[in-house]
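Inspection log for the structure reproduced underneath, given as structure tokens.
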Amino acid sequence: MAFDDPISRRRFLGGVAASAATPWMSAAAGSATTPPGSKATGELTQLGAVEAVALLSRGELSAVEYARALLDQCEAGRSLNAFITLRPEQVLAAARECDRRRQAGERLGPLHGLPIPIKDSVNTAELPTSAGTPALRHFQPREDAPLVHALRQAGAIVLGKTNLHELSYGYTSNNHAYGAIHNPYDPSRIPGGSSGGTGAAIASRMAPLGVAEDTEGSIRVPAALCGIAGFRPTTGRYPTHGCVPISPLFDQVGPHARAVADLLLFDSAVTGSSTSTPLPGSLKGVRLGVIRAFWFSGLDSEVEQVTAAALDKLQRAGVELVEGELPQLPHFIELVTDPVQNHDVKPSLTRYLAEFHTGVSFEELLAQASPDVQRMIRPAITPGAHDFVPEAQYEEIVRVHLPGLRAMYKEYFARSGAAAIVFPATILPAPKIGEEDMEVEVRGRRMPLDEAMSRNIAPGSTTGLPGLVLPAGLTASGLPVALEFDGPAGSDRSVLALGLALEAALGKLPPPRVLART
């Protein structure tokens with residue numbers, strides 16, 4: 001984790017210590033002199049967003065003290081490298097303003113005093129937005145992205161900017177410019193990508209709720225590998241303007257959290273929906289679609305075992321698994337998923353760089369990008385190269401194939417009566433850092449790591465469906481395995497409400513055993 005200059009580690013700790021001058025608002029929360037790492041601080045970092053906001057809004061917890069506890073946790077987990085930019089003094093100043101507003105009796109928003117880490121591909125006016133790439137290292141947007149503005153209006157504090165796979169172009173978050181992000185459950189392994197920093201921060205209790213971004217799995221893969229909940233909404237539900245793009249057809253921001261109730265809180269704050277959290281309903285009679293030929297084939301043996309046990313739990317809770325087929329799905333994904341991104345990446349990035357006055361051209365951006373990212377992007381933008389998509393082909397995708405894919409899903413949900421399709425989010429657990437340039441072997445089959453990470457997760461984002469990832473269990477070596485639940489387009493609140501019951505049946509994972517420390 002990089003603490004933004006000129007704030008050194010000593011200044012960080014000094015700022016945290018100074019914040020203790022503000023007394024606790026509740027004796028149960030501890031005292032102002034409680035040292036870092038104490039039980040009280042540990043308990044604060046375990047709070048979910050709903051719980052924390054309730055305490056903060058009632059004045060039973062000072063926003064400064066809560067921010068101090070989270071910043072101390074960020075320092076404890078510094079070696080996970082979850083953040084690119086973190087300015088503790090700025091966070092504490094915002095927290096003091098939250099306390100002032102509450103004490104003055106001003107109207108408080110649904111996220112009052114909650115520090116939220118933001119993926120460093122989302123524009124923030126007070127912090128640089130690097131997209132994890134060298135050419136944008138010093139880019140300072142003039143204003144917040146609409147999503148960040150909505151979060152601030154709801155009372156949230158920007159905790160910092162999280163590390164990511166460079167330009168969001170990969171699944172490992174082994175960023176060659178800013179350093180690899182480490183998985184809190186095993187720091188020798190990847191956290192998933194591209195939103196690996198937000199996933200690692202939430203899993204390691206640096207914050208209860210964070211902002212990620214997903215074009216083809218970048219919310220859901222880190223959620224799956226880090227053992228947390230992640231939600232990619234129906235494409236377009238949350239504003240993506242002011243976010244470093246890949247494709248306007250697929251890009252979508254969304255939240256990471258450790259509880260579905262916190263995902264619902266995020267959705268309410270951003271969309272203006274009801275802020276009341278429903279109680280978990282009964283799963284009796286809930287129909288979940290199972291398409292084994294696509295999503296369950298060739299799974300890692302431990303992923304298969306954990307998935308089977310999790311589905312058994314859901315069935316015992318009353319879920320009806322509805323077996324079915326989508327024989328055209330592989331064909332549509334081949335025609336649409338990669339070609340759209342390959343076509344859109346250059347014009348989308350070119351527009352972003354110009355609109356937000358970065359002072360960097362697309363050519364300069366790519367020339368300074370790390371070699372691994374260049375190897376992925378150059379074949380997509382070079383006429384005649386194997387990944388280049390001509391305009392005629394792209395027009396056919398947008399006019400024929402993408403609508404055909406969406407129609408296939410719509411017909412499936414209408415025919416099956418399934419509330420969602422369930423499947424293992426990834427086909428193997430988190431690999432070791434540094435394996436991204438190698439093939440992995442899954443049940444005797446060799447494949448690129450990107451394929452292993454993306455195969456199951458790509459259809460939902462390509463189609464634009466709401467997708468909820470929940471932890472399903474741990475492998476024998478303690479690595480998280482997750483299920484994804486994809487619902488019909490537009491069914492976001494229903495999927496999240498269902499998620500409360502699914503979460504109750506599946507249970508939550510134990511926290512990472514050891515926080516990596518400097």
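FYI, nothing fancy with the structure tokens labels: chains A, B, ... in order, residues from 1 per chain, ligands from 1 as they appear.
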What are the nearest atom pairs, with distances in Å to one decimal, for all residues of region 52-92 of chain A that come at most 8 Å from region 204-223 of chain A, using only C-alpha atoms, set out by chain and rising residue number as CSV?
residue,atom,partner,partner_atom,distance
A:Leu70,CA,A:Met206,CA,5.2
A:Leu71,CA,A:Met206,CA,7.1
A:Gln73,CA,A:Met206,CA,5.3
A:Cys74,CA,A:Met206,CA,5.3
A:Gly77,CA,A:Ser204,CA,7.3
Per DSSP on the backbone, what are the strand (DSSP E) residues of region 342-484 of chain A, as a list of chain:residue names? A:Ala420, A:Ile421, A:Val422, A:Phe423, A:Pro424, A:Glu439, A:Val440, A:Glu441, A:Val442, A:Arg445, A:Arg446, A:Met447, A:Pro448, A:Gly467, A:Leu468, A:Val469, A:Leu470, A:Pro471, A:Ala472, A:Gly473, A:Leu474, A:Pro480, A:Val481, A:Ala482, A:Leu483, A:Glu484
Hey, could you make a per-residue contact list for region 131-231 of chain A against region 353-374 of chain A with 10 Å as the cut-off, showing the nearest pair of atoms and its distance in Å to one decimal, counting only C-alpha atoms, sorted by chain and number, as a tab-separated table?
residue	atom	partner	partner_atom	distance
A:Gly132	CA	A:Ala369	CA	9.3
A:Thr133	CA	A:Ala369	CA	6.0
A:Pro134	CA	A:Gln368	CA	6.2
A:Ala135	CA	A:Leu365	CA	5.4
A:Leu136	CA	A:Thr358	CA	7.4
A:His138	CA	A:Thr358	CA	9.1
A:Phe139	CA	A:Thr358	CA	6.0
A:Gln140	CA	A:Thr358	CA	7.8
A:Pro141	CA	A:Phe356	CA	6.7
A:Arg142	CA	A:Phe356	CA	7.7
A:Glu143	CA	A:Phe356	CA	9.1
A:His165	CA	A:Val373	CA	9.2
A:Glu166	CA	A:Val373	CA	7.1
A:Leu167	CA	A:Val373	CA	7.9
A:Ser168	CA	A:Val373	CA	9.4
A:Tyr169	CA	A:Val373	CA	6.7
A:Gly170	CA	A:Val373	CA	8.2
A:Asn175	CA	A:Ser370	CA	8.5
A:His176	CA	A:Ser370	CA	6.2
A:Ala177	CA	A:Ser370	CA	6.7
